[in-house]
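Novice: Dropping in model_39.txt, with compact mmCIF, C-alpha atoms and all ligand atoms.
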```
# COMPACT_ATOMS: atom_id res chain seq x y z
CA MET A 20 -12.34 9.50 -19.53
CA VAL A 21 -12.63 11.22 -16.15
CA SER A 22 -14.95 14.23 -16.13
CA PRO A 23 -13.50 17.60 -15.06
CA THR A 24 -15.80 17.62 -12.03
CA ALA A 25 -14.53 14.24 -10.89
CA ARG A 26 -10.96 15.50 -11.19
CA LEU A 27 -11.83 18.51 -9.07
CA ALA A 28 -13.44 16.25 -6.48
CA ALA A 29 -10.42 13.92 -6.40
CA PRO A 30 -7.32 15.99 -7.22
CA ASN A 31 -3.84 14.51 -7.47
CA VAL A 32 -2.03 13.85 -4.20
CA LEU A 33 1.70 13.48 -3.58
CA VAL A 34 2.50 10.92 -0.88
CA THR A 35 5.99 10.94 0.61
CA GLY A 36 6.90 7.53 2.01
CA GLY A 37 4.07 6.03 -0.05
CA ALA A 38 6.06 2.84 -0.67
CA GLY A 39 6.27 2.18 3.08
CA TYR A 40 3.95 0.38 5.43
CA ILE A 41 1.34 2.98 6.44
CA GLY A 42 2.00 5.11 3.34
CA SER A 43 1.21 2.29 0.90
CA HIS A 44 -2.09 1.57 2.67
CA ALA A 45 -2.92 5.28 2.35
CA VAL A 46 -2.07 5.17 -1.38
CA LYS A 47 -4.50 2.28 -1.74
CA ALA A 48 -7.24 4.23 0.06
CA LEU A 49 -6.55 7.30 -2.11
CA ALA A 50 -6.69 5.26 -5.32
CA ALA A 51 -9.94 3.64 -4.17
CA ALA A 52 -11.32 7.15 -3.53
CA GLY A 53 -10.49 8.17 -7.12
CA HIS A 54 -7.22 10.08 -6.68
CA ASP A 55 -4.18 9.80 -8.92
CA VAL A 56 -1.14 9.49 -6.66
CA TRP A 57 2.51 10.43 -6.92
CA VAL A 58 4.62 8.43 -4.50
CA PHE A 59 7.87 10.16 -3.48
CA ASP A 60 10.07 7.67 -1.64
CA ASN A 61 13.82 7.05 -1.34
CA LEU A 62 13.13 3.29 -1.03
CA SER A 63 15.41 3.04 2.01
CA ALA A 64 12.55 1.33 3.86
CA GLY A 65 9.80 1.40 1.22
CA HIS A 66 9.19 -1.13 -1.53
CA ALA A 67 8.77 -0.35 -5.24
CA GLU A 68 6.90 -3.66 -5.41
CA ALA A 69 4.14 -2.23 -3.17
CA VAL A 70 3.60 0.65 -5.60
CA GLY A 71 3.69 -1.73 -8.59
CA ARG A 72 1.04 -3.94 -7.00
CA LEU A 73 -1.18 -0.94 -6.30
CA GLN A 74 -0.89 0.32 -9.87
CA ALA A 75 -1.80 -3.17 -11.14
CA ALA A 76 -4.81 -3.31 -8.81
CA PHE A 77 -6.06 0.13 -9.92
CA PRO A 78 -5.43 0.26 -13.69
CA GLU A 79 -7.86 3.18 -14.07
CA ARG A 80 -5.69 5.34 -11.79
CA ARG A 81 -2.18 6.72 -12.27
CA ILE A 82 0.11 5.74 -9.41
CA THR A 83 3.57 7.10 -10.18
CA LEU A 84 6.70 6.29 -8.20
CA VAL A 85 9.41 8.98 -8.01
CA GLU A 86 12.56 7.87 -6.25
CA GLY A 87 13.90 10.72 -4.15
CA ASP A 88 14.84 11.88 -0.68
CA ILE A 89 12.87 14.41 1.35
CA THR A 90 16.04 16.28 2.26
CA ASP A 91 16.59 16.97 -1.49
CA ALA A 92 14.77 20.29 -2.07
CA ILE A 93 15.18 20.17 -5.85
CA ALA A 94 13.84 16.63 -6.18
CA ILE A 95 10.78 17.22 -4.02
CA THR A 96 10.00 20.56 -5.73
CA GLN A 97 10.25 18.94 -9.17
CA ALA A 98 8.01 16.05 -8.11
CA LEU A 99 5.43 18.44 -6.67
CA ARG A 100 5.33 20.47 -9.86
CA ALA A 101 5.18 17.40 -12.13
CA SER A 102 2.36 15.91 -10.06
CA SER A 103 0.13 19.03 -10.05
CA ALA A 104 -0.80 17.81 -6.58
CA ALA A 105 -3.34 19.79 -4.59
CA ALA A 106 -2.15 18.23 -1.32
CA VAL A 107 0.69 16.27 0.23
CA MET A 108 0.48 13.36 2.64
CA HIS A 109 3.78 13.09 4.45
CA PHE A 110 4.78 9.65 5.76
CA ALA A 111 8.50 9.60 4.94
CA ALA A 112 10.37 9.46 8.26
CA ARG A 113 12.61 7.46 10.50
CA LEU A 114 10.30 5.66 12.91
CA SER A 115 12.02 3.50 15.47
CA VAL A 116 11.94 4.70 19.09
CA ASP A 117 14.83 2.45 19.93
CA GLU A 118 17.03 3.61 17.03
CA SER A 119 16.21 7.24 17.81
CA MET A 120 17.74 6.81 21.27
CA ARG A 121 20.99 5.64 19.65
CA GLU A 122 21.07 7.93 16.58
CA PRO A 123 19.25 11.14 17.51
CA ALA A 124 20.99 13.31 14.90
CA ALA A 125 19.75 11.10 12.06
CA TYR A 126 16.21 11.53 13.41
CA TYR A 127 16.49 15.31 13.52
CA ARG A 128 17.96 15.33 10.00
CA THR A 129 15.24 13.24 8.38
CA ASN A 130 12.19 14.01 10.49
CA VAL A 131 12.78 17.73 11.10
CA ILE A 132 15.06 19.00 8.32
CA GLY A 133 13.50 16.64 5.76
CA THR A 134 9.96 17.67 6.68
CA LEU A 135 10.81 21.39 6.66
CA THR A 136 12.33 20.87 3.20
CA VAL A 137 9.04 19.35 2.04
CA LEU A 138 7.09 22.22 3.61
CA GLU A 139 9.25 24.84 1.89
CA ALA A 140 8.71 23.03 -1.41
CA LEU A 141 4.94 23.16 -0.80
CA ALA A 142 5.12 26.91 -0.23
CA ALA A 143 7.25 27.40 -3.36
CA SER A 144 4.79 25.33 -5.43
CA GLY A 145 1.62 26.91 -4.06
CA VAL A 146 0.37 23.66 -2.48
CA ARG A 147 -1.77 24.56 0.52
CA HIS A 148 -2.80 21.29 2.16
CA PHE A 149 -0.67 18.93 4.23
CA VAL A 150 -1.54 15.70 6.05
CA PHE A 151 1.14 14.78 8.56
CA SER A 152 2.01 11.42 10.15
CA SER A 153 2.69 12.10 13.80
CA THR A 154 2.76 9.70 16.70
CA ALA A 155 1.58 8.85 20.18
CA ALA A 156 5.27 9.14 21.08
CA THR A 157 4.77 12.95 21.18
CA PHE A 158 2.90 12.45 24.49
CA GLY A 159 5.68 10.65 26.37
CA GLU A 160 4.75 8.86 29.61
CA PRO A 161 1.00 9.50 29.88
CA LEU A 162 -0.30 11.54 32.80
CA HIS A 163 -3.69 9.86 32.29
CA THR A 164 -5.36 7.48 29.86
CA PRO A 165 -7.13 7.50 27.52
CA ILE A 166 -4.96 10.16 25.92
CA ASP A 167 -6.98 12.81 24.16
CA GLU A 168 -5.74 15.79 22.16
CA THR A 169 -5.55 18.05 25.22
CA HIS A 170 -3.03 15.77 26.95
CA PRO A 171 0.35 17.56 27.40
CA GLN A 172 2.97 16.59 24.83
CA LEU A 173 6.19 15.73 26.69
CA PRO A 174 8.10 13.21 24.54
CA ILE A 175 10.63 10.95 26.22
CA ASN A 176 12.57 9.94 23.09
CA PRO A 177 14.07 11.76 20.08
CA TYR A 178 11.57 10.13 17.71
CA GLY A 179 8.61 11.68 19.52
CA GLN A 180 10.46 14.98 19.93
CA THR A 181 11.20 15.31 16.21
CA LYS A 182 7.53 14.73 15.35
CA LEU A 183 6.45 17.29 17.96
CA VAL A 184 8.83 19.90 16.52
CA VAL A 185 7.06 19.52 13.16
CA GLU A 186 3.61 19.75 14.77
CA GLN A 187 4.69 23.05 16.33
CA ALA A 188 6.24 24.30 13.09
CA LEU A 189 2.95 23.63 11.29
CA ALA A 190 1.12 25.97 13.67
CA HIS A 191 3.66 28.73 12.95
CA LEU A 192 3.59 28.09 9.20
CA GLU A 193 -0.18 28.37 9.16
CA ARG A 194 0.06 31.84 10.66
CA ALA A 195 2.72 32.92 8.17
CA THR A 196 1.33 31.25 5.02
CA ARG A 197 -2.02 29.84 3.93
CA LEU A 198 -1.02 26.24 4.66
CA THR A 199 -3.69 24.13 6.36
CA SER A 200 -2.82 20.77 7.87
CA VAL A 201 -4.25 17.70 9.50
CA VAL A 202 -1.98 15.93 11.99
CA PHE A 203 -2.59 12.29 12.88
CA ARG A 204 -1.00 10.82 15.99
CA TYR A 205 -1.03 7.11 15.51
CA PHE A 206 -0.99 4.76 18.42
CA ASN A 207 0.15 1.24 17.38
CA ALA A 208 -0.39 0.73 13.66
CA ALA A 209 -0.71 -2.97 12.88
CA GLY A 210 -2.31 -5.53 10.56
CA ALA A 211 -2.25 -5.66 6.78
CA ASP A 212 -4.49 -4.94 3.82
CA PRO A 213 -7.41 -7.42 4.23
CA ALA A 214 -7.28 -8.11 0.46
CA GLY A 215 -3.68 -9.29 0.89
CA LEU A 216 -2.19 -6.91 -1.70
CA ILE A 217 0.20 -5.05 0.61
CA GLY A 218 1.52 -5.47 4.16
CA GLU A 219 4.29 -4.81 6.65
CA ASP A 220 7.89 -5.43 5.60
CA HIS A 221 10.52 -3.73 7.77
CA THR A 222 14.22 -4.61 7.96
CA PRO A 223 14.98 -5.10 10.77
CA GLU A 224 11.48 -5.81 12.04
CA ASP A 225 11.11 -4.53 15.58
CA HIS A 226 7.33 -4.27 16.03
CA LEU A 227 5.53 -6.61 18.38
CA ILE A 228 2.89 -8.30 16.20
CA PRO A 229 5.15 -9.18 13.24
CA ARG A 230 7.87 -10.32 15.63
CA ALA A 231 5.42 -12.60 17.46
CA ILE A 232 4.24 -14.00 14.11
CA LEU A 233 7.79 -14.57 12.92
CA ALA A 234 8.55 -16.37 16.21
CA ALA A 235 5.48 -18.61 15.69
CA LEU A 236 6.74 -19.35 12.18
CA GLY A 237 10.04 -20.65 13.53
CA GLY A 238 12.15 -17.47 13.76
CA GLU A 239 13.92 -16.18 16.86
CA PRO A 240 11.88 -16.52 20.07
CA LEU A 241 10.07 -13.30 20.92
CA GLN A 242 11.61 -11.25 23.69
CA ILE A 243 9.00 -9.65 25.96
CA PHE A 244 10.60 -6.34 26.91
CA GLY A 245 9.73 -5.90 30.56
CA ALA A 246 7.30 -7.88 32.75
CA ASP A 247 7.60 -5.55 35.75
CA TYR A 248 5.55 -2.57 34.56
CA PRO A 249 2.74 -1.21 36.79
CA THR A 250 0.09 -2.86 34.58
CA PRO A 251 -2.31 -5.78 35.28
CA ASP A 252 0.03 -8.49 33.90
CA GLY A 253 3.29 -6.56 34.21
CA THR A 254 3.75 -6.05 30.43
CA CYS A 255 3.18 -2.79 28.53
CA LEU A 256 -0.29 -1.80 27.35
CA ARG A 257 -0.72 -0.61 23.78
CA ASP A 258 -3.63 0.52 21.61
CA PHE A 259 -3.48 -1.35 18.29
CA VAL A 260 -5.22 0.20 15.30
CA HIS A 261 -5.58 -1.44 11.89
CA VAL A 262 -3.42 0.17 9.22
CA SER A 263 -6.34 0.29 6.73
CA ASP A 264 -8.42 2.19 9.30
CA LEU A 265 -5.53 4.66 9.66
CA ALA A 266 -5.46 4.98 5.86
CA ASP A 267 -9.18 5.80 5.81
CA ALA A 268 -8.61 8.56 8.37
CA HIS A 269 -6.08 10.13 6.00
CA VAL A 270 -8.59 10.30 3.18
CA LEU A 271 -11.14 11.90 5.54
CA GLY A 272 -8.53 14.42 6.75
CA LEU A 273 -7.62 15.26 3.17
CA ARG A 274 -11.28 15.80 2.26
CA ARG A 275 -11.68 18.16 5.19
CA LEU A 276 -8.76 20.28 3.99
CA LEU A 277 -9.83 20.23 0.32
CA ALA A 278 -13.31 21.37 1.38
CA GLY A 279 -11.77 24.40 3.10
CA GLY A 280 -11.96 22.96 6.63
CA ALA A 281 -9.73 24.13 9.46
CA SER A 282 -6.47 22.52 10.49
CA GLY A 283 -6.61 19.96 13.28
CA ALA A 284 -4.71 17.30 15.19
CA TYR A 285 -6.27 13.90 15.89
CA ASN A 286 -5.29 10.89 17.97
CA LEU A 287 -5.95 7.59 16.20
CA GLY A 288 -6.40 4.43 18.22
CA MET A 289 -9.20 2.09 19.22
CA GLY A 290 -9.30 3.10 22.90
CA ASP A 291 -8.46 -0.45 24.08
CA GLY A 292 -5.32 -1.10 26.11
CA VAL A 293 -4.00 -4.53 25.15
CA SER A 294 -1.01 -6.02 26.96
CA VAL A 295 2.04 -7.50 25.26
CA ARG A 296 1.12 -10.87 26.79
CA GLU A 297 -2.42 -10.65 25.41
CA VAL A 298 -0.96 -10.03 21.96
CA VAL A 299 1.26 -13.11 22.31
CA ASP A 300 -1.77 -15.22 23.34
CA THR A 301 -3.86 -13.89 20.44
CA VAL A 302 -1.13 -14.62 17.89
CA ALA A 303 -0.77 -18.17 19.28
CA ARG A 304 -4.53 -18.77 19.05
CA ILE A 305 -4.86 -17.42 15.50
CA ALA A 306 -1.70 -19.15 14.31
CA GLY A 307 -2.77 -22.40 15.96
CA ARG A 308 0.75 -22.84 17.28
CA PRO A 309 2.79 -21.53 20.21
CA VAL A 310 4.75 -18.27 20.12
CA PRO A 311 8.12 -19.15 21.68
CA HIS A 312 9.06 -16.27 23.97
CA VAL A 313 11.36 -15.21 26.79
CA THR A 314 11.14 -12.36 29.26
CA ALA A 315 13.83 -9.72 28.71
CA PRO A 316 14.70 -6.39 30.36
CA ARG A 317 12.69 -3.27 29.60
CA ARG A 318 13.46 -1.51 26.30
CA ALA A 319 14.68 2.09 26.66
CA GLY A 320 12.12 4.76 25.75
CA ASP A 321 8.98 2.58 26.19
CA PRO A 322 6.06 4.19 28.05
CA SER A 323 4.15 1.67 30.20
CA ARG A 324 0.73 2.33 28.70
CA LEU A 325 -0.51 4.14 25.62
CA VAL A 326 -4.26 4.21 25.03
CA ALA A 327 -5.99 6.76 22.79
CA SER A 328 -9.19 8.65 22.91
CA SER A 329 -10.17 9.12 19.24
CA GLN A 330 -13.49 10.77 19.89
CA LYS A 331 -12.36 13.93 18.10
CA ALA A 332 -11.55 12.06 14.87
CA ARG A 333 -14.87 10.22 15.06
CA THR A 334 -16.85 13.41 15.65
CA GLU A 335 -15.03 15.90 13.42
CA LEU A 336 -13.92 13.63 10.58
CA GLY A 337 -16.57 10.92 10.77
CA TRP A 338 -13.83 8.32 11.27
CA ALA A 339 -15.44 4.90 11.85
CA PRO A 340 -12.72 2.26 12.14
CA SER A 341 -14.17 -1.10 11.09
CA ARG A 342 -11.22 -3.51 11.26
CA GLY A 343 -10.05 -2.69 14.75
CA SER A 344 -10.53 -5.85 16.78
CA LEU A 345 -7.24 -7.43 17.85
CA ASP A 346 -8.35 -10.67 16.16
CA THR A 347 -8.85 -8.92 12.79
CA ILE A 348 -5.54 -7.10 13.15
CA VAL A 349 -3.64 -10.30 13.93
CA ARG A 350 -5.53 -12.36 11.31
CA THR A 351 -4.67 -9.92 8.48
CA ALA A 352 -1.05 -9.71 9.66
CA TRP A 353 -0.84 -13.52 9.88
CA GLN A 354 -2.27 -13.85 6.35
CA TRP A 355 0.31 -11.39 5.01
CA HIS A 356 3.33 -12.94 6.74
CA THR A 357 2.43 -16.54 5.94
CA ARG A 358 1.92 -15.67 2.25
CA HIS A 359 5.03 -13.45 2.14
CA PRO A 360 7.61 -15.14 4.37
CA HIS A 361 10.32 -12.96 2.76
CA GLY A 362 8.14 -9.83 2.58
CA TYR A 363 7.96 -8.24 -0.85
CA ARG A 364 10.91 -10.39 -1.96
CA THR A 365 8.63 -13.44 -1.85
CA ARG A 366 7.88 -14.68 -5.36
CA ALA A 367 4.12 -14.92 -6.03
N1 LIG B 401 7.75 -5.44 22.37
C1 LIG B 401 8.25 -6.58 22.92
N2 LIG B 401 9.05 -7.37 22.15
C2 LIG B 401 9.36 -7.06 20.86
C3 LIG B 401 8.84 -5.89 20.30
C4 LIG B 401 8.03 -5.09 21.09
O1 LIG B 401 8.01 -6.89 24.09
O2 LIG B 401 10.11 -7.82 20.22
C5 LIG B 401 6.89 -4.59 23.19
C6 LIG B 401 7.45 -3.20 23.37
O3 LIG B 401 8.34 -3.15 24.44
C7 LIG B 401 6.18 -2.39 23.57
C8 LIG B 401 5.14 -3.14 22.74
O4 LIG B 401 5.66 -4.44 22.54
O5 LIG B 401 5.80 -2.44 24.90
C9 LIG B 401 4.88 -2.52 21.39
O6 LIG B 401 6.14 -2.32 20.75
P1 LIG B 401 6.28 -1.94 19.23
O7 LIG B 401 7.73 -1.84 18.92
O8 LIG B 401 5.44 -2.84 18.40
O9 LIG B 401 5.59 -0.53 19.16
P2 LIG B 401 5.90 0.77 20.05
O10 LIG B 401 4.76 0.89 21.02
O11 LIG B 401 7.26 0.84 20.59
O12 LIG B 401 5.90 1.86 18.91
C10 LIG B 401 4.75 2.33 18.36
C11 LIG B 401 5.07 2.89 16.99
C12 LIG B 401 5.98 4.05 17.11
C13 LIG B 401 5.42 5.02 18.11
C14 LIG B 401 5.19 4.36 19.42
C15 LIG B 401 4.65 5.28 20.45
O13 LIG B 401 5.66 1.90 16.18
O14 LIG B 401 6.10 4.67 15.86
O15 LIG B 401 4.28 3.31 19.23
O16 LIG B 401 5.44 5.11 21.62
F1 LIG B 401 6.28 6.02 18.31
```
Have the structure of the file written as structure tokens, please.
Ligand code: UFG

Specialist:
Amino acid sequence: MVSPTARLAAPNVLVTGGAGYIGSHAVKALAAAGHDVWVFDNLSAGHAEAVGRLQAAFPERRITLVEGDITDAIAITQALRASSAAAVMHFAARLSVDESMREPAAYYRTNVIGTLTVLEALAASGVRHFVFSSTAATFGEPLHTPIDETHPQLPINPYGQTKLVVEQALAHLERATRLTSVVFRYFNAAGADPAGLIGEDHTPEDHLIPRAILAALGGEPLQIFGADYPTPDGTCLRDFVHVSDLADAHVLGLRRLLAGGASGAYNLGMGDGVSVREVVDTVARIAGRPVPHVTAPRRAGDPSRLVASSQKARTELGWAPSRGSLDTIVRTAWQWHTRHPHGYRTRA
């Protein structure tokens, strides 16, 4: 039996998109921190299997999956009320830069209208704390690196723009209501749960590390999008951050809000710019086999370099990422993909 004090210390949390990649790692971190979790997910990209595995791994916690869409005001309001959640973590979104260039309206519908629908449901249900998944794509082509929170936000693709609109809406909502929020701008989320319970499973998969791993495992050769960027080896520089470290930041952000702390926005990365070619070499070394690859034209919407300063998260939230080396990121991703060659559809 959980004591009333423990319940106060770890109130219920509703996690939209909690069956997805970053969301499921956050659900694991919440469960480990003693929270009961309601996952609200339309399963268009998320996996019920991820939630089932988490519930099995944390039998002392309640992890409830509600299938629903964030643009459905009635469904999200009902889920919020049923959950008695004190806070919402909002991961549900469309998240491909490339797709957003081709289908901008779908991005505005899900990422802006969907998120505003969730925020109105919070207001109607009296929930006052919101943790929001934003992105380095809100900064656009950097004016300088590392990118700290004072860097101008000038997105160059609809994905980044839709996330920025929500960041701005949150500032207005805070003035009009008592909502407090923590915004996290992820740089390149990568890796998988070191315990091997959950991992990355996108269809189609368009992220670099899983694509390089799938190429090493005999899939399509990796295309390196652009080798003529103004960077040391001509390929883009990215700042990879382990998904479990991102998840920990969410729990710290939530604690800040629950303790009555002020709203804030935080960049989350390791501060290391790693080139696409360096990633390919690291995957080949850890896999112990080559990564077949070809050089292809630049991909639309890709900034040449994205490197974070996360000093603010370290200082204000006490964030101390511990799994951030590229080797650890690639090793955990390799473990996940080799054990789950068909993602969550792989039979144990
Ligand atoms: N890349 C390749 N070949 C591939 C896939 C990717 O060369 O098959 C390159 C990309 O061109 C880019 C780098 O590898 O230079 C990383 O690409 P990802 O698709 O893995 O990640 P992005 O940097 O495009 O996207 C990430 C997040 C987005 C976020 C964005 C910020 O996934 O949510 O960073 O721009 F918006």

Novice: At a cut-off of 6 Å and counting only C-alpha atoms and all ligand atoms, what residues surround ligand LIG 401 (chain B)? Please answer as a list in words.

Specialist: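 The residues within 6 Å of ligand LIG 401 (chain B), counting only C-alpha atoms and all ligand atoms, are Leu114, Val116, Thr154, Ala155, Ala156, Phe206, Asn207, Asp225, His226, Leu227, Arg230, Leu241, Gln242, Ile243, Phe244, Cys255, Val295 and Arg318 of chain A.
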
Novice: Which residue out of A:Leu287, A:Ala211, A:Ala352, A:Leu73 has the minimum interatomic distance to A:Val326 when only C-alpha atoms are used?

Specialist: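 Among the listed residues, the smallest separation from A:Val326 belongs to A:Leu287.
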
Novice: Sort by chain and increasing residue number a table of all residues of stretch 157-262 of chain A within 10 Å of stretch 304-315 of chain A, each with its closest pair of atoms and their distance in Å to one decimal, counting all atoms listed in the file, and write it as JSON lines.

Specialist:
```
{"residue": "A:Arg230", "atom": "CA", "partner": "A:Val310", "partner_atom": "CA", "distance": 9.6}
{"residue": "A:Ala231", "atom": "CA", "partner": "A:Val310", "partner_atom": "CA", "distance": 6.3}
{"residue": "A:Ile232", "atom": "CA", "partner": "A:Val310", "partner_atom": "CA", "distance": 7.4}
{"residue": "A:Leu233", "atom": "CA", "partner": "A:Val310", "partner_atom": "CA", "distance": 8.6}
{"residue": "A:Ala234", "atom": "CA", "partner": "A:Val310", "partner_atom": "CA", "distance": 5.8}
{"residue": "A:Ala235", "atom": "CA", "partner": "A:Val310", "partner_atom": "CA", "distance": 4.5}
{"residue": "A:Leu236", "atom": "CA", "partner": "A:Val310", "partner_atom": "CA", "distance": 8.3}
{"residue": "A:Gly237", "atom": "CA", "partner": "A:Pro311", "partner_atom": "CA", "distance": 8.5}
{"residue": "A:Gly238", "atom": "CA", "partner": "A:Pro311", "partner_atom": "CA", "distance": 9.0}
{"residue": "A:Glu239", "atom": "CA", "partner": "A:Pro311", "partner_atom": "CA", "distance": 8.1}
{"residue": "A:Pro240", "atom": "CA", "partner": "A:His312", "partner_atom": "CA", "distance": 4.8}
{"residue": "A:Leu241", "atom": "CA", "partner": "A:His312", "partner_atom": "CA", "distance": 4.4}
{"residue": "A:Gln242", "atom": "CA", "partner": "A:Val313", "partner_atom": "CA", "distance": 5.0}
{"residue": "A:Ile243", "atom": "CA", "partner": "A:Thr314", "partner_atom": "CA", "distance": 4.8}
{"residue": "A:Phe244", "atom": "CA", "partner": "A:Ala315", "partner_atom": "CA", "distance": 5.0}
{"residue": "A:Gly245", "atom": "CA", "partner": "A:Ala315", "partner_atom": "CA", "distance": 5.9}
{"residue": "A:Ala246", "atom": "CA", "partner": "A:Thr314", "partner_atom": "CA", "distance": 6.9}
{"residue": "A:Thr254", "atom": "CA", "partner": "A:Thr314", "partner_atom": "CA", "distance": 9.8}
```

Novice: Which residue gives the smallest distance to A:Thr196 among A:Ile166, A:Leu141, A:Leu325, A:Val32, with all atoms listed in the file counted?

Specialist: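 Ranking A:Ile166, A:Leu141, A:Leu325, A:Val32 by distance to A:Thr196, first place goes to A:Leu141.
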
Novice: Determine the nearest neighbour of A:Gln330 from the options A:Asp258, A:Pro165, A:His170, A:Trp353, counting only C-alpha atoms.

Specialist: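 Closest residue, counting only C-alpha atoms: A:Pro165.
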
Novice: Give me the residues near A:Asp167 as a PyMOL selection string, where near means some atom within 10 Å (using all atoms listed in the file) and where sequence neighbours in that chain fewer than 6 positions away do not count.

Specialist: chain A and resi 158+285-287+326-331

Novice: Let me make sure I understand: among A:Thr250, A:Asp264, A:Asp212, A:Phe77, which one has the smallest atom-to-atom distance to A:Arg296 if we use all atoms listed in the file?

Specialist: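 Closest to A:Arg296 of all the choices is A:Thr250.
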
Novice: Hey, which of A:Ala75, A:Leu277, A:Ala332, A:Ile89 ends up closest to A:Val137? Count all atoms listed in the file.

Specialist: A:Ile89

Novice: Can you measure atom CA of A:Asn31 to atom CA of A:Ala140 for me? One decimal in Å is fine.

Specialist: 16.3 Å

Novice: Find, counting all atoms listed in the file, the residue in A:Gly210, A:Leu336, A:Gln187, A:Thr134 that gets nearest to A:Leu273.

Specialist: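 Among the listed residues, A:Leu336 lies closest to A:Leu273.
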
Novice: I want to know what sits within 8 Å of A:Gly36, based on all atoms listed in the file, with residues of the same chain fewer than 2 positions away left out; could you give that as a list in words?

Specialist: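 Here the qualifying residues turn out to be Val34, Ala38, Gly39, Gly42, Ser43, Val58, Phe59, Asp60, Asn61, Gly65, His109, Phe110, Ala111 and Ala112 of chain A.
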
Novice: Around (5.9, 4.8, 27.6) in the file's frame, which residues reach within 10 Å when counting only C-alpha atoms? Return as a PDB file with C-alpha atoms, keeping the file's coordinate frame?

Specialist:
```
ATOM      1  CA  ALA A 155       1.580   8.850  20.180  1.00  0.00           C
ATOM      2  CA  ALA A 156       5.270   9.140  21.080  1.00  0.00           C
ATOM      3  CA  PHE A 158       2.900  12.450  24.490  1.00  0.00           C
ATOM      4  CA  GLY A 159       5.680  10.650  26.370  1.00  0.00           C
ATOM      5  CA  GLU A 160       4.750   8.860  29.610  1.00  0.00           C
ATOM      6  CA  PRO A 161       1.000   9.500  29.880  1.00  0.00           C
ATOM      7  CA  PRO A 174       8.100  13.210  24.540  1.00  0.00           C
ATOM      8  CA  ILE A 175      10.630  10.950  26.220  1.00  0.00           C
ATOM      9  CA  ASN A 176      12.570   9.940  23.090  1.00  0.00           C
ATOM     10  CA  CYS A 255       3.180  -2.790  28.530  1.00  0.00           C
ATOM     11  CA  LEU A 256      -0.290  -1.800  27.350  1.00  0.00           C
ATOM     12  CA  ARG A 257      -0.720  -0.610  23.780  1.00  0.00           C
ATOM     13  CA  ARG A 318      13.460  -1.510  26.300  1.00  0.00           C
ATOM     14  CA  ALA A 319      14.680   2.090  26.660  1.00  0.00           C
ATOM     15  CA  GLY A 320      12.120   4.760  25.750  1.00  0.00           C
ATOM     16  CA  ASP A 321       8.980   2.580  26.190  1.00  0.00           C
ATOM     17  CA  PRO A 322       6.060   4.190  28.050  1.00  0.00           C
ATOM     18  CA  SER A 323       4.150   1.670  30.200  1.00  0.00           C
ATOM     19  CA  ARG A 324       0.730   2.330  28.700  1.00  0.00           C
ATOM     20  CA  LEU A 325      -0.510   4.140  25.620  1.00  0.00           C
TER      21      LEU A 325
END
```

Novice: Kindly provide, as a list in words, the polymer residues lying within 7 Å of (1.7, 15.8, 22.3), counting all atoms listed in the file and using the coordinates exactly as they appear in the file.

Specialist: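 Within the cut-off we find Thr157, Phe158, His170, Pro171, Gln172, Leu173 and Leu183 of chain A.
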
Novice: May I ask for the distance between atom CA of A:Leu84 and atom CA of A:Trp57, given in Å to one decimal place?

Specialist: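 Computing the Euclidean distance for atom CA of A:Leu84 and atom CA of A:Trp57 yields 6.0 Å.
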
Novice: Between stretch 78-152 of chain A and stretch 49-53 of chain A, at 10 Å or less, what are the per-residue closest atom pairs and their distances in Å? Count only C-alpha atoms, order by chain and rising residue number, and return it as JSON lines.

Specialist:
```
{"residue": "A:Pro78", "atom": "CA", "partner": "A:Ala50", "partner_atom": "CA", "distance": 9.8}
{"residue": "A:Glu79", "atom": "CA", "partner": "A:Gly53", "partner_atom": "CA", "distance": 9.0}
{"residue": "A:Arg80", "atom": "CA", "partner": "A:Ala50", "partner_atom": "CA", "distance": 6.5}
{"residue": "A:Arg81", "atom": "CA", "partner": "A:Ala50", "partner_atom": "CA", "distance": 8.4}
{"residue": "A:Ile82", "atom": "CA", "partner": "A:Ala50", "partner_atom": "CA", "distance": 7.9}
```

Novice: Which distance in Å separates atom CA of A:Val299 and atom CA of A:Ile348, to one decimal?

Specialist: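 Value for the atom CA of A:Val299-atom CA of A:Ile348 distance: 12.9 Å.
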
Novice: Set the distance at 8 Å and use only C-alpha atoms: which residues neighbour A:Phe151 once local chain neighbours fewer than 2 positions away are removed? I'd like the list as a VMD selection string.

Specialist: chain A and resid 108 to 110 149 153 200 to 203

Novice: Can you list, as a list of chain:residue names, every protein, DNA or RNA residue that comes within 12 Å of A:Ala339 when you count all atoms listed in the file, leaving out same-chain residues fewer than 4 positions away?

Specialist: A:Val260, A:His261, A:Ser263, A:Asp264, A:Leu265, A:Ala266, A:Asp267, A:Ala268, A:Leu271, A:Leu287, A:Gly288, A:Met289, A:Ser329, A:Gln330, A:Lys331, A:Ala332, A:Arg333, A:Thr334, A:Glu335, A:Gly343
